[in-house]
Structures are given as structure tokens and as C-alpha cells.
$ cat work27.csv   # CSV, C-alpha atoms
chain,number,residue,atom,x,y,z
X,25,GLY,CA,-53.3,36.1,-29.8
X,26,LEU,CA,-55.0,33.9,-32.5
X,27,TRP,CA,-57.3,32.5,-29.8
X,28,PHE,CA,-58.2,35.9,-28.6
X,29,GLY,CA,-58.8,37.0,-32.2
X,30,LEU,CA,-61.3,34.1,-32.6
X,31,LEU,CA,-63.0,35.0,-29.4
X,32,PHE,CA,-63.4,38.6,-30.4
X,33,ILE,CA,-64.9,37.9,-33.8
X,34,GLN,CA,-67.4,35.3,-32.7
X,35,PRO,CA,-70.2,37.9,-31.8
X,36,PHE,CA,-70.1,39.1,-35.4
X,37,GLU,CA,-72.4,37.3,-37.9
X,38,LYS,CA,-70.1,38.5,-40.7
X,39,PHE,CA,-66.4,38.0,-41.4
X,40,VAL,CA,-66.7,34.2,-41.9
X,41,ALA,CA,-63.6,34.0,-44.0
X,42,VAL,CA,-61.6,35.8,-41.3
X,43,LYS,CA,-62.8,33.3,-38.7
X,44,TYR,CA,-61.6,30.4,-40.8
X,45,LEU,CA,-58.3,32.0,-41.5
X,46,LEU,CA,-57.8,32.5,-37.8
X,47,MET,CA,-58.8,28.9,-37.2
X,48,LEU,CA,-56.2,27.6,-39.7
X,49,GLY,CA,-53.6,29.9,-38.1
X,50,LEU,CA,-54.4,28.6,-34.7
X,51,LEU,CA,-54.2,25.0,-35.9
X,52,VAL,CA,-50.7,25.6,-37.3
X,53,ALA,CA,-49.6,27.5,-34.1
X,54,ALA,CA,-50.9,24.6,-32.0
X,55,ILE,CA,-48.5,22.1,-33.5
X,56,PRO,CA,-45.3,23.4,-31.8
X,57,LEU,CA,-47.4,24.2,-28.7
X,58,ALA,CA,-48.3,20.5,-28.4
X,59,MET,CA,-44.6,19.6,-28.3
X,60,ARG,CA,-44.2,21.2,-24.9
X,61,THR,CA,-44.1,18.8,-21.9
X,62,ASP,CA,-46.3,20.9,-19.7
X,63,ILE,CA,-49.0,21.2,-22.5
X,64,ARG,CA,-48.9,17.5,-23.1
X,65,GLN,CA,-49.4,16.8,-19.4
X,66,ARG,CA,-52.5,19.0,-19.3
X,67,LEU,CA,-53.8,17.5,-22.6
X,68,PHE,CA,-53.6,14.0,-21.2
X,69,SER,CA,-54.7,14.8,-17.7
X,70,ARG,CA,-57.8,13.0,-16.3
X,71,ASN,CA,-60.7,15.3,-16.7
X,72,ARG,CA,-64.2,13.9,-17.3
X,73,ALA,CA,-65.5,16.8,-19.4
X,74,LEU,CA,-62.4,16.7,-21.6
X,75,GLY,CA,-62.7,12.9,-22.0
X,76,LEU,CA,-66.4,13.2,-23.0
X,77,ALA,CA,-65.6,16.0,-25.5
X,78,LEU,CA,-63.1,13.6,-27.1
X,79,ALA,CA,-65.7,10.8,-27.2
X,80,ILE,CA,-68.1,13.2,-28.9
X,81,VAL,CA,-65.5,14.0,-31.6
X,82,VAL,CA,-64.8,10.4,-32.2
X,83,TRP,CA,-68.5,9.5,-32.4
X,84,CYS,CA,-69.2,12.4,-34.8
X,85,ILE,CA,-66.4,11.3,-37.1
X,86,ALA,CA,-67.6,7.7,-37.1
X,87,VAL,CA,-71.3,8.4,-37.7
X,88,SER,CA,-70.4,11.0,-40.4
X,89,ALA,CA,-68.3,8.5,-42.3
X,90,ALA,CA,-71.2,6.0,-42.2
X,91,SER,CA,-73.8,8.6,-43.1
X,92,PRO,CA,-75.7,8.5,-46.4
X,93,TYR,CA,-74.5,12.0,-46.8
X,94,ALA,CA,-70.8,11.4,-45.8
X,95,ALA,CA,-69.3,14.1,-48.1
X,96,ASP,CA,-71.5,16.8,-46.6
X,97,SER,CA,-70.9,15.6,-43.1
X,98,LEU,CA,-67.1,15.4,-43.4
X,99,HIS,CA,-67.0,18.9,-44.9
X,100,ALA,CA,-69.1,20.2,-41.9
X,101,LEU,CA,-66.7,18.4,-39.5
X,102,SER,CA,-63.6,20.1,-41.0
X,103,ARG,CA,-65.3,23.5,-40.8
X,104,ASP,CA,-67.4,23.6,-37.6
X,105,LEU,CA,-66.3,20.9,-35.2
X,106,LEU,CA,-62.6,21.6,-35.8
X,107,LEU,CA,-63.2,25.3,-34.8
X,108,GLN,CA,-65.1,24.3,-31.7
X,109,GLY,CA,-62.4,21.8,-30.7
X,110,GLU,CA,-59.6,24.4,-31.1
X,111,LEU,CA,-61.5,26.9,-29.0
X,112,LEU,CA,-62.1,24.4,-26.2
X,113,LEU,CA,-58.6,22.8,-26.3
X,114,VAL,CA,-56.6,26.1,-26.4
X,115,GLY,CA,-58.7,27.4,-23.6
X,116,CYS,CA,-58.0,24.5,-21.3
X,117,LEU,CA,-54.3,24.3,-22.3
X,118,LEU,CA,-53.4,28.0,-22.1
X,119,VAL,CA,-55.6,29.4,-19.3
X,120,ARG,CA,-53.6,28.8,-16.2
X,121,ASN,CA,-55.1,31.4,-13.8
X,122,ALA,CA,-58.0,33.7,-13.1
X,123,SER,CA,-56.2,36.7,-14.7
X,124,GLN,CA,-56.0,34.9,-18.1
X,125,ALA,CA,-59.6,33.8,-17.8
X,126,ARG,CA,-60.7,37.3,-17.1
X,127,THR,CA,-58.8,38.6,-20.1
X,128,ALA,CA,-60.5,36.0,-22.3
X,129,LEU,CA,-63.9,37.1,-21.1
X,130,TRP,CA,-63.0,40.8,-21.6
X,131,VAL,CA,-62.2,39.9,-25.2
X,132,ILE,CA,-65.6,38.4,-25.8
X,133,ILE,CA,-67.3,41.4,-24.2
X,134,ALA,CA,-65.2,43.7,-26.4
X,135,GLY,CA,-66.4,41.9,-29.5
X,136,PHE,CA,-70.0,42.2,-28.4
X,137,ALA,CA,-69.5,45.8,-27.6
X,138,ALA,CA,-68.2,46.5,-31.1
X,139,VAL,CA,-71.2,44.7,-32.6
X,140,SER,CA,-73.6,46.7,-30.3
X,141,VAL,CA,-72.1,50.0,-31.3
X,142,LEU,CA,-72.2,49.2,-35.0
X,143,SER,CA,-75.7,47.9,-34.7
X,144,SER,CA,-76.9,51.0,-32.9
X,145,PHE,CA,-75.7,53.1,-35.9
X,146,GLU,CA,-77.7,50.9,-38.3
X,147,VAL,CA,-80.8,51.1,-36.1
X,148,ALA,CA,-80.5,54.9,-35.5
X,149,SER,CA,-80.1,55.6,-39.2
X,150,HIS,CA,-83.3,53.7,-39.9
X,151,LEU,CA,-85.3,55.3,-37.0
X,152,MET,CA,-84.3,58.8,-38.2
X,153,GLU,CA,-86.4,58.3,-41.3
X,154,HIS,CA,-89.0,55.7,-40.1
X,155,SER,CA,-91.2,55.1,-37.0
X,156,LEU,CA,-91.6,51.7,-35.3
X,157,SER,CA,-95.3,51.6,-36.4
X,158,GLU,CA,-94.1,51.4,-40.0
X,159,GLY,CA,-92.8,47.9,-39.6
X,160,GLN,CA,-89.8,45.9,-38.5
X,161,ILE,CA,-86.3,47.5,-38.6
X,162,PRO,CA,-84.6,45.8,-41.6
X,163,ARG,CA,-81.9,43.3,-40.8
X,164,SER,CA,-80.0,40.6,-42.7
X,165,HIS,CA,-76.9,38.5,-42.4
X,166,LYS,CA,-75.1,41.3,-44.3
X,167,SER,CA,-75.7,43.8,-41.6
X,168,PHE,CA,-74.2,44.0,-38.1
X,169,TRP,CA,-77.8,44.1,-36.8
X,170,GLY,CA,-78.6,40.7,-38.3
X,171,GLY,CA,-78.8,38.1,-35.5
X,172,TYR,CA,-78.1,40.6,-32.8
X,173,ALA,CA,-80.8,39.4,-30.3
X,174,THR,CA,-79.5,35.9,-30.5
X,175,MET,CA,-76.0,37.0,-29.7
X,176,ALA,CA,-77.3,39.3,-26.9
X,177,SER,CA,-79.1,36.4,-25.2
X,178,PHE,CA,-75.7,34.8,-24.7
X,179,CYS,CA,-73.5,37.9,-24.1
X,180,LEU,CA,-75.8,40.0,-21.9
X,181,PRO,CA,-75.9,37.3,-19.1
X,182,LEU,CA,-72.1,37.1,-19.4
X,183,ILE,CA,-71.7,40.8,-19.0
X,184,ILE,CA,-74.1,41.1,-16.1
X,185,ALA,CA,-72.6,38.2,-14.3
X,186,PHE,CA,-69.1,39.5,-14.9
X,187,ALA,CA,-70.0,42.9,-13.6
X,188,VAL,CA,-71.6,41.7,-10.3
X,189,SER,CA,-69.4,38.6,-9.6
X,190,THR,CA,-65.8,39.6,-10.3
X,191,ALA,CA,-63.5,42.3,-9.0
X,192,THR,CA,-64.0,45.2,-11.4
X,193,SER,CA,-63.2,48.9,-10.9
X,194,THR,CA,-66.0,51.5,-10.8
X,195,TRP,CA,-65.3,52.8,-14.3
X,196,GLN,CA,-65.4,49.2,-15.7
X,197,ARG,CA,-68.7,48.6,-14.0
X,198,LEU,CA,-70.1,51.8,-15.5
X,199,LEU,CA,-68.9,50.8,-18.9
X,200,LEU,CA,-70.4,47.4,-18.6
X,201,GLY,CA,-73.6,48.9,-17.3
X,202,ALA,CA,-73.9,51.2,-20.3
X,203,LEU,CA,-73.3,48.2,-22.6
X,204,VAL,CA,-76.1,46.3,-20.8
X,205,VAL,CA,-78.5,49.1,-21.3
X,206,LEU,CA,-77.6,49.5,-24.9
X,207,GLY,CA,-77.8,45.7,-25.4
X,208,VAL,CA,-81.3,45.5,-23.8
X,209,VAL,CA,-82.6,48.4,-25.9
X,210,LEU,CA,-81.3,46.9,-29.1
X,211,THR,CA,-82.6,43.4,-28.1
X,212,GLY,CA,-86.0,44.9,-27.4
X,213,LEU,CA,-86.1,46.7,-30.7
X,214,TYR,CA,-85.2,43.5,-32.5
X,215,GLY,CA,-88.6,42.0,-31.9
X,216,SER,CA,-87.7,38.5,-30.8
X,217,ARG,CA,-89.3,37.2,-27.7
X,218,SER,CA,-87.1,34.3,-26.5
X,219,PRO,CA,-83.8,36.4,-26.1
X,220,LEU,CA,-85.5,38.6,-23.5
X,221,LEU,CA,-86.8,35.6,-21.7
X,222,VAL,CA,-83.4,33.9,-21.7
X,223,VAL,CA,-81.7,37.0,-20.3
X,224,ALA,CA,-84.3,37.4,-17.6
X,225,ILE,CA,-84.2,33.8,-16.4
X,226,SER,CA,-80.4,33.7,-16.5
X,227,VAL,CA,-80.1,36.9,-14.4
X,228,ILE,CA,-82.7,35.6,-11.9
X,229,VAL,CA,-80.7,32.4,-11.5
X,230,LEU,CA,-77.5,34.3,-11.2
X,231,PHE,CA,-78.7,36.5,-8.3
X,232,ALA,CA,-80.3,33.5,-6.6
X,233,LEU,CA,-77.0,31.7,-6.9
X,234,LEU,CA,-75.2,34.7,-5.3
X,235,ARG,CA,-78.0,35.0,-2.7
X,236,ALA,CA,-78.2,38.7,-3.7
X,237,TRP,CA,-81.8,39.1,-2.7
X,238,LYS,CA,-82.0,42.9,-3.0
X,239,ALA,CA,-80.6,42.7,-6.6
X,240,LEU,CA,-83.1,39.9,-7.3
X,241,ALA,CA,-85.9,42.1,-6.1
X,242,ALA,CA,-84.6,44.9,-8.3
X,243,VAL,CA,-84.7,42.5,-11.3
X,244,PHE,CA,-88.3,41.6,-10.7
X,245,LEU,CA,-89.1,45.3,-10.4
X,246,VAL,CA,-87.5,46.1,-13.7
X,247,ILE,CA,-89.4,43.2,-15.3
X,248,ALA,CA,-92.7,44.3,-13.8
X,249,LEU,CA,-92.1,47.9,-15.0
X,250,GLY,CA,-91.2,46.7,-18.5
X,251,ALA,CA,-94.3,44.5,-18.6
X,252,GLY,CA,-96.4,47.4,-17.4
X,253,TRP,CA,-95.0,49.8,-20.0
X,254,VAL,CA,-95.7,47.2,-22.8
X,255,ALA,CA,-99.3,46.7,-21.5
X,256,SER,CA,-99.9,50.5,-21.4
X,257,GLN,CA,-99.0,51.1,-25.0
X,258,SER,CA,-101.8,51.3,-27.6
X,259,ASN,CA,-99.7,50.6,-30.7
X,260,LEU,CA,-96.3,49.0,-30.5
X,261,GLY,CA,-96.1,48.2,-34.2
X,262,TYR,CA,-94.2,45.0,-34.9
X,263,LEU,CA,-93.3,44.8,-31.2
X,264,GLU,CA,-96.9,43.9,-30.4
X,265,LYS,CA,-95.8,40.3,-30.0
X,266,TYR,CA,-94.2,41.1,-26.7
X,267,ARG,CA,-97.7,41.3,-25.2
X,268,SER,CA,-98.0,37.5,-25.7
X,269,LEU,CA,-95.2,36.9,-23.2
X,270,ALA,CA,-97.8,37.3,-20.5
X,271,GLN,CA,-100.2,34.7,-22.0
X,272,THR,CA,-100.0,31.0,-21.1
X,273,ASP,CA,-100.8,29.8,-24.6
X,274,THR,CA,-97.5,31.3,-25.8
X,275,TYR,CA,-95.6,28.5,-24.1
X,276,VAL,CA,-97.9,25.5,-24.7
X,277,THR,CA,-99.5,25.8,-28.1
X,278,ASN,CA,-98.2,25.3,-31.6
X,279,GLN,CA,-99.3,28.8,-32.6
X,280,GLY,CA,-97.8,30.4,-29.5
X,281,LEU,CA,-94.5,28.6,-30.1
X,282,SER,CA,-94.3,29.8,-33.8
X,283,LEU,CA,-95.2,26.4,-35.1
X,284,ARG,CA,-92.3,24.8,-33.2
X,285,LEU,CA,-94.5,21.7,-32.3
X,286,ASP,CA,-94.9,20.9,-36.0
X,287,VAL,CA,-91.2,21.4,-36.6
X,288,TRP,CA,-90.2,19.2,-33.7
X,289,SER,CA,-92.7,16.5,-34.6
X,290,GLY,CA,-91.3,16.4,-38.2
X,291,VAL,CA,-87.7,16.1,-37.0
X,292,ILE,CA,-88.7,13.3,-34.5
X,293,GLU,CA,-90.1,11.3,-37.5
X,294,LEU,CA,-86.7,11.5,-39.2
X,295,ILE,CA,-84.9,10.5,-36.0
X,296,GLU,CA,-87.1,7.5,-35.6
X,297,ALA,CA,-85.9,6.2,-39.0
X,298,ARG,CA,-82.2,6.4,-38.0
X,299,PRO,CA,-82.1,6.5,-34.2
X,300,MET,CA,-78.6,4.9,-33.6
X,301,PHE,CA,-76.4,6.8,-36.1
X,302,GLY,CA,-78.4,9.7,-37.3
X,303,TYR,CA,-77.7,11.3,-40.7
X,304,GLY,CA,-74.2,12.6,-40.0
X,305,TYR,CA,-72.7,15.9,-38.7
X,306,GLY,CA,-74.3,19.1,-40.1
X,307,TRP,CA,-78.0,20.2,-40.0
X,308,LYS,CA,-78.3,21.5,-43.5
X,309,LYS,CA,-78.8,18.0,-44.9
X,310,LEU,CA,-82.2,17.9,-43.1
X,311,ALA,CA,-83.8,18.9,-46.4
X,312,TRP,CA,-82.1,16.1,-48.2
X,313,ALA,CA,-83.3,13.6,-45.6
X,314,ILE,CA,-86.9,14.9,-45.9
X,315,ASN,CA,-86.9,14.6,-49.7
X,316,ASP,CA,-85.1,11.3,-50.0
X,317,GLY,CA,-87.2,9.7,-47.2
X,318,GLY,CA,-90.5,10.5,-48.9
X,319,TYR,CA,-91.6,12.8,-46.1
X,320,ALA,CA,-92.3,15.7,-48.4
X,321,GLU,CA,-94.9,13.8,-50.4
X,322,ARG,CA,-96.5,12.4,-47.2
X,323,TRP,CA,-96.7,15.8,-45.4
X,324,LYS,CA,-98.2,17.5,-48.5
X,325,ALA,CA,-100.9,14.9,-48.5
X,326,ASN,CA,-102.0,15.1,-44.8
X,327,ASP,CA,-99.9,17.5,-42.7
X,328,PRO,CA,-100.2,21.2,-43.7
X,329,GLY,CA,-98.3,22.3,-40.6
X,330,LYS,CA,-95.1,20.5,-41.5
X,331,THR,CA,-95.6,21.4,-45.1
X,332,ALA,CA,-95.8,25.1,-44.3
X,333,TYR,CA,-92.5,25.0,-42.5
X,334,PHE,CA,-90.3,22.5,-44.2
X,335,LEU,CA,-91.5,22.9,-47.8
X,336,GLY,CA,-93.1,26.3,-48.0
X,337,GLU,CA,-94.4,27.0,-51.5
X,338,GLU,CA,-91.8,24.6,-53.0
X,339,GLU,CA,-92.3,20.9,-54.0
X,340,THR,CA,-89.3,19.8,-52.0
X,341,ALA,CA,-87.3,21.0,-49.0
X,342,SER,CA,-84.3,23.3,-49.8
X,343,TYR,CA,-80.8,22.6,-48.5
X,344,GLY,CA,-79.9,24.8,-45.6
X,345,LYS,CA,-83.3,26.6,-45.3
X,346,VAL,CA,-84.9,24.5,-42.6
X,347,ASN,CA,-83.5,23.4,-39.2
X,348,PRO,CA,-84.8,21.5,-36.2
X,349,HIS,CA,-85.1,24.6,-34.0
X,350,ASN,CA,-84.1,22.5,-30.9
X,351,TYR,CA,-80.5,21.7,-29.8
X,352,PHE,CA,-81.3,18.2,-28.5
X,353,LEU,CA,-83.4,17.2,-31.5
X,354,GLN,CA,-80.7,18.5,-33.8
X,355,VAL,CA,-78.0,16.5,-32.1
X,356,ALA,CA,-80.1,13.4,-32.2
X,357,PHE,CA,-80.8,14.0,-35.9
X,358,GLU,CA,-77.1,14.4,-36.7
X,359,ILE,CA,-75.4,11.9,-34.5
X,360,GLY,CA,-78.1,9.6,-33.2
X,361,LEU,CA,-79.4,8.9,-29.7
X,362,PRO,CA,-76.0,7.6,-28.5
X,363,GLY,CA,-74.5,10.8,-29.6
X,364,LEU,CA,-77.2,12.8,-27.7
X,365,LEU,CA,-76.4,10.8,-24.5
X,366,LEU,CA,-72.7,11.7,-24.9
X,367,VAL,CA,-73.6,15.4,-25.3
X,368,LEU,CA,-75.9,15.3,-22.3
X,369,ALA,CA,-73.2,13.6,-20.2
X,370,PHE,CA,-70.7,16.2,-21.4
X,371,TRP,CA,-72.9,19.1,-20.2
X,372,LEU,CA,-73.6,17.4,-16.9
X,373,ALA,CA,-69.9,16.9,-16.3
X,374,VAL,CA,-69.2,20.6,-17.2
X,375,PHE,CA,-71.8,21.9,-14.8
X,376,TRP,CA,-70.9,19.5,-12.1
X,377,GLN,CA,-67.2,20.5,-12.4
X,378,GLY,CA,-68.1,24.2,-12.3
X,379,LEU,CA,-70.4,23.8,-9.3
X,380,LYS,CA,-67.8,21.9,-7.4
X,381,GLY,CA,-65.2,24.6,-8.2
X,382,MET,CA,-67.6,27.3,-6.8
X,383,VAL,CA,-67.2,26.0,-3.3
X,384,ARG,CA,-63.4,25.4,-3.3
X,385,GLY,CA,-60.3,27.0,-4.7
X,386,PRO,CA,-59.3,30.7,-5.0
X,387,VAL,CA,-62.1,33.2,-4.5
X,388,GLU,CA,-61.6,34.9,-7.9
X,389,SER,CA,-61.8,31.5,-9.7
X,390,GLN,CA,-65.0,30.8,-7.9
X,391,ARG,CA,-66.4,34.1,-9.1
X,392,LEU,CA,-65.3,33.4,-12.7
X,393,ARG,CA,-67.1,30.0,-12.5
X,394,VAL,CA,-70.3,31.8,-11.5
X,395,VAL,CA,-69.9,34.0,-14.7
X,396,ILE,CA,-69.2,31.0,-16.9
X,397,LEU,CA,-72.0,28.8,-15.6
X,398,THR,CA,-74.5,31.6,-15.8
X,399,THR,CA,-73.6,32.2,-19.5
X,400,LEU,CA,-73.7,28.4,-20.3
X,401,LEU,CA,-77.1,28.3,-18.7
X,402,ALA,CA,-78.2,31.1,-21.0
X,403,TYR,CA,-76.7,29.1,-23.9
X,404,LEU,CA,-78.7,26.0,-23.0
X,405,LEU,CA,-81.9,28.1,-22.6
X,406,CYS,CA,-81.4,29.6,-26.0
X,407,ASN,CA,-81.3,26.1,-27.4
X,408,VAL,CA,-84.8,25.1,-26.2
X,409,ALA,CA,-86.4,26.7,-29.3
X,410,ASN,CA,-83.2,26.9,-31.4
X,411,GLY,CA,-80.4,24.7,-32.5
X,412,PHE,CA,-77.1,26.4,-31.8
X,413,TRP,CA,-75.1,23.2,-32.0
X,414,VAL,CA,-72.8,25.1,-34.3
X,415,GLY,CA,-72.2,28.8,-35.0
X,416,GLY,CA,-71.0,31.7,-32.9
X,417,LEU,CA,-72.9,30.8,-29.7
X,418,ALA,CA,-71.7,27.2,-29.8
X,419,ASN,CA,-68.1,28.4,-30.5
X,420,MET,CA,-68.1,30.8,-27.5
X,421,ALA,CA,-69.7,28.1,-25.3
X,422,CYS,CA,-66.9,25.7,-26.2
X,423,ALA,CA,-64.3,28.4,-25.3
X,424,LEU,CA,-66.0,29.0,-21.9
X,425,VAL,CA,-65.9,25.2,-21.3
X,426,GLY,CA,-62.2,25.3,-22.1
X,427,ILE,CA,-61.6,28.1,-19.6
X,428,LEU,CA,-63.5,26.2,-17.0
X,429,VAL,CA,-61.5,23.1,-17.6
X,430,GLY,CA,-58.2,25.1,-17.7
X,431,LEU,CA,-59.0,26.6,-14.2
X,432,ALA,CA,-59.8,23.1,-12.9
X,433,LEU,CA,-56.5,21.6,-14.3
X,434,ASN,CA,-54.6,24.4,-12.7
X,435,GLU,CA,-56.0,23.6,-9.3
X,436,GLN,CA,-55.5,19.8,-9.5
X,437,PRO,CA,-51.8,19.8,-8.4
X,438,ALA,CA,-52.6,22.1,-5.5
X,439,ALA,CA,-55.5,19.9,-4.4
X,440,ALA,CA,-53.3,16.8,-4.7
X,441,GLY,CA,-50.6,18.4,-2.6
X,442,GLU,CA,-53.0,19.4,0.2
X,443,SER,CA,-54.4,15.8,0.2
X,444,LYS,CA,-50.8,14.4,0.5
$ encode --input "work27.csv" --output "C-alpha cells"
Amino acid sequence: GLWFGLLFIQPFEKFVAVKYLLMLGLLVAAIPLAMRTDIRQRLFSRNRALGLALAIVVWCIAVSAASPYAADSLHALSRDLLLQGELLLVGCLLVRNASQARTALWVIIAGFAAVSVLSSFEVASHLMEHSLSEGQIPRSHKSFWGGYATMASFCLPLIIAFAVSTATSTWQRLLLGALVVLGVVLTGLYGSRSPLLVVAISVIVLFALLRAWKALAAVFLVIALGAGWVASQSNLGYLEKYRSLAQTDTYVTNQGLSLRLDVWSGVIELIEARPMFGYGYGWKKLAWAINDGGYAERWKANDPGKTAYFLGEEETASYGKVNPHNYFLQVAFEIGLPGLLLVLAFWLAVFWQGLKGMVRGPVESQRLRVVILTTLLAYLLCNVANGFWVGGLANMACALVGILVGLALNEQPAAAGESK
């Protein structure tokens, strides 16, 4: 129940205190759980993804203890990495069959549905008094609408894959279809380009994986109609930026990538100074590393692009206000290049395990693996221009990995018996 509670609340940007209370409750409840023989057997079973996850945790602790900002790193470890570890471990220890995995996915979908409904009320109340041409719909971390598009880029592929891949009733598919429509509309109104791209690419890969060519053609038709509608509008207000999705410069130039090339170049400079051990777990100390390493003065003298992003109008970078905007650079900044290699190996092991399970085992488990891999692909795509190494998306991704491992562990005895 505590694990389900954590899954349900992850799509919310709010209720951080509740998340950590559930995390502590889950930690306490896991102690007697770990005493059970069957749980210990699963915990110490040979699984490459689980072994690499443990190696990442050990490496994070080691480099954080050796970090020049050890106190900040260890605090972040106790808050973020512990939560991710719990979500992954409980998933792999308690999910024993397809039915339990389906329930866990329904819980995540229910959380996103609640956020979507609450966000739609906030958006509707604004649009009743203002038009889109007046400017962007207000959003902040205090509102349910804040961060919605980011969450949708993860949850919409999950919902679409779940609806088309698993055995669901007609009314459930209608419900999921309505949620997809609501989610796409809200994501479109949000005004962020990358979430729509992530959803489109993930769904295209999903239908290609399922060899559902008619559905794939329908997706391309919907994308073409959407692009045509955007092109035909004379004034889209703050949504004008969607026109740039059809321009090549959007994907290869610094301006088109919202100054990401300057951001990535600046982070690479810091990584080069500490390539082996990084600066310790937690990205918010990026500002301290910039200030202490003398980068602020250097950039102000000869690099206006980096100055504009990392410093703004201030003399120095501010703690927690700048981030690497790329998952892989963020990992390298925090735990060094060896840590990045461990993380890459972990994701390779996860996808390899999932792909192997798609061609063997129970049919329903194969379908669930399609759902999970599609969603994890969306997660990795989100991280090309963002750094969701921690936070709600990362937490849900860890839970999905736990479910994937749990299904694999459940099938190991059967496979061994067949071989025997």
C-alpha cells in the first residue's frame, strides 16, 4: 500500500512532504519484509540490472563522501537516491505476476489522471477570462499545472502503450482514450516543444515494435493534420514556437535548442576538471562548482552565452537555479565518467532484459514489457534536453525497472525447470 501510494503521488509536482513521509514509512515496513526467506532469495538472486543498480548506489556513496561538497551530496543521497532505491527494490521484490504489475501501472495512470483533471480546471478557469493571444497560461510549482507537459511526456506513452498492448475492457480503453485526448490538449497548451516530440517518437516506436502498421499510419496522419493546423493559423500567440518543429535549425543550432549548446559546453568544462569522481550526488551544487572554480569570472569576460544562462544578471551562479539540461552530462558531473559508464551499462541491461522477455514467457508479461520499455524509451528521450536523473520521472522509471526485474525473477524458476 505504501509503494502504491508513492507511485500514485509521483505525477504530482506538489506534496513533497507526503512523498517523503511515505518513503520513510516504506523504509520501516521493508525491515520485517526483508526477514522473509522468499524475499531474501529474490533480493540476492543473480540479475544483471539489479547488480548494476547496487554498483551505482555504492559508487554514488563513495564519490559523494569524497566530494568537495560532501555534506550537500550526502543530504541529496538520503533524500533522492534512497527513494529511487526503495521504488525499484520493492517493485522487484513484491511484483510476482502480470496482475500485480498491471495494478501498479494502473496506480501511476490514476495519479496522472488526477493531475490532468485538476490541471484542466486551472487551465479552464484562466481561459474563461483570457485568450491564448494574451500570453502564456500561468503556471508554477505551486499549481497542479506546473510541470504538466514534462510529466505527460512520460505518462502519455505509458497510457497509449497500456491501452493497445494489454488486455483491457472496452470501457477501460474508452477511459484511457479520453485521458490521452485530455493529456495531449493540455500538453499542447503548455507550450513546450520537446514533450510533443517525445510522445510522437515513442508512439511511433511502439506501433513499429507491435508491427501495427495501420495504427502507425494513423499516427502519421494525426501528426500531419496537427502540423497542417498549426501552419494554417495566423496567430497562435505563445504557441507560435510550435512552427519551429518543422525547421531543421531547431535541432542543430544553439538558438533553436534554446541555448542548450552553451549550457552543455559549460557543463563539459566542469566535468573535464573532475572526470573520475565528479562533484558528488546532487545537481544543485553546479552553481557552487562554477563559482569556486573561477568559471563565472572567465565566462563574464569572454563567453556571453554561458554567462546569460548560468549567471543571468547576477555576479555569481545561484544554488539550485541552473542545471545541466542533459541526463548524461548531469550524471558525469555528479559521479564522474566511471559512474556514467555504470549508468549506461544499467540501462543496456534493463532494455536487453526487457527485449529478451518480449519473445518468451507468458503472453501478458510480454505485453507488459512492451508497455514498460516504451515508457522507459520516452524517459530517455526526455533526458536528451533535460536532466531527470532525480525527481518524479526518475522515480517512476525506477519503479518500472523494479516491475521489469520482478517479472524476470518470477520466470527464472520456471525457465530453470524447463531446462532441467
$ atom_distance --input "work27.csv" --atom1 "atom CA of X:Leu366" --atom2 "atom CA of X:Leu379"
19.9 Å
$ atom_distance --input "work27.csv" --atom1 "atom CA of X:Asn410" --atom2 "atom CA of X:Glu321"
25.9 Å
$ atom_distance --input "work27.csv" --atom1 "atom CA of X:Glu296" --atom2 "atom CA of X:Leu106"
28.3 Å
$ residues_around --input "work27.csv" --residues "stretch 335-349 of chain X" --least-positions-apart "6" --cutoff "6 Å" --atoms "only C-alpha atoms" --output "tab-separated table (two decimals) with C-alpha atoms, in the coordinates of the input"
chain	number	residue	atom	x	y	z
X	308	LYS	CA	-78.30	21.50	-43.50
X	311	ALA	CA	-83.80	18.90	-46.40
X	409	ALA	CA	-86.40	26.70	-29.30
X	410	ASN	CA	-83.20	26.90	-31.40
X	411	GLY	CA	-80.40	24.70	-32.50
$ closest_residue --input "work27.csv" --among "X:Val414, X:Met300, X:Val114, X:Val119" --to "X:Ala356" --atoms "only C-alpha atoms"
X:Met300
$ closest_residue --input "work27.csv" --among "X:Val222, X:Ile183, X:Val147, X:Leu112" --to "X:Leu210" --atoms "only C-alpha atoms"
X:Val147
$ residues_around --input "work27.csv" --residues "X:Ser164" --least-positions-apart "5" --cutoff "12 Å" --atoms "all atoms listed in the file" --output "list in words"
Glu37, Lys38, Ser143, Glu146, Trp169, Gly170, Gly171, Tyr172 and Tyr214 of chain X
$ residues_around --input "work27.csv" --residues "X:Ser140" --least-positions-apart "2" --cutoff "9 Å" --atoms "all atoms listed in the file" --output "list in words"
Gly135, Phe136, Ala137, Ala138, Leu142, Ser143, Ser144, Phe145, Phe168, Trp169, Tyr172, Ala176, Leu203, Leu206, Gly207 and Leu210 of chain X
$ residues_around --input "work27.csv" --residues "X:Leu48" --least-positions-apart "2" --cutoff "12 Å" --atoms "only C-alpha atoms" --output "PyMOL selection string"
chain X and resi 26-27+30+41-46+50-55+102-103+106-107+110-111
$ residues_around --input "work27.csv" --residues "X:Ile228" --least-positions-apart "4" --cutoff "8 Å" --atoms "all atoms listed in the file" --output "count of residues only"
4
$ closest_residue --input "work27.csv" --among "X:Leu67, X:Ala125, X:Leu98, X:Val229" --to "X:Tyr303" --atoms "all atoms listed in the file"
X:Leu98
$ closest_residue --input "work27.csv" --among "X:Ala58, X:Ala73, X:Leu392, X:Ile161" --to "X:Leu372" --atoms "only C-alpha atoms"
X:Ala73
$ closest_residue --input "work27.csv" --among "X:Gly302, X:Gly317, X:Gly329, X:Gly252" --to "X:Glu358" --atoms "all atoms listed in the file"
X:Gly302
$ closest_atom_pairs --input "work27.csv" --of "stretch 74-137 of chain X" --to "stretch 396-401 of chain X" --cutoff "12 Å" --atoms "only C-alpha atoms" --output "tab-separated table"
residue	atom	partner	partner_atom	distance
X:Ala125	CA	X:Ile396	CA	10.0
X:Arg126	CA	X:Ile396	CA	10.6
X:Ala128	CA	X:Ile396	CA	11.4
X:Leu129	CA	X:Ile396	CA	9.1
X:Ile132	CA	X:Thr399	CA	11.9
$ closest_residue --input "work27.csv" --among "X:Leu230, X:Val367, X:Ile359, X:Leu428" --to "X:Ala90" --atoms "only C-alpha atoms"
X:Ile359
$ residues_near_point --input "work27.csv" --point "(-91.2, 22.3, -40.4)" --cutoff "7 Å" --atoms "only C-alpha atoms" --output "list in words"
Asp286, Val287, Gly290, Lys330, Thr331, Ala332, Tyr333 and Phe334 of chain X
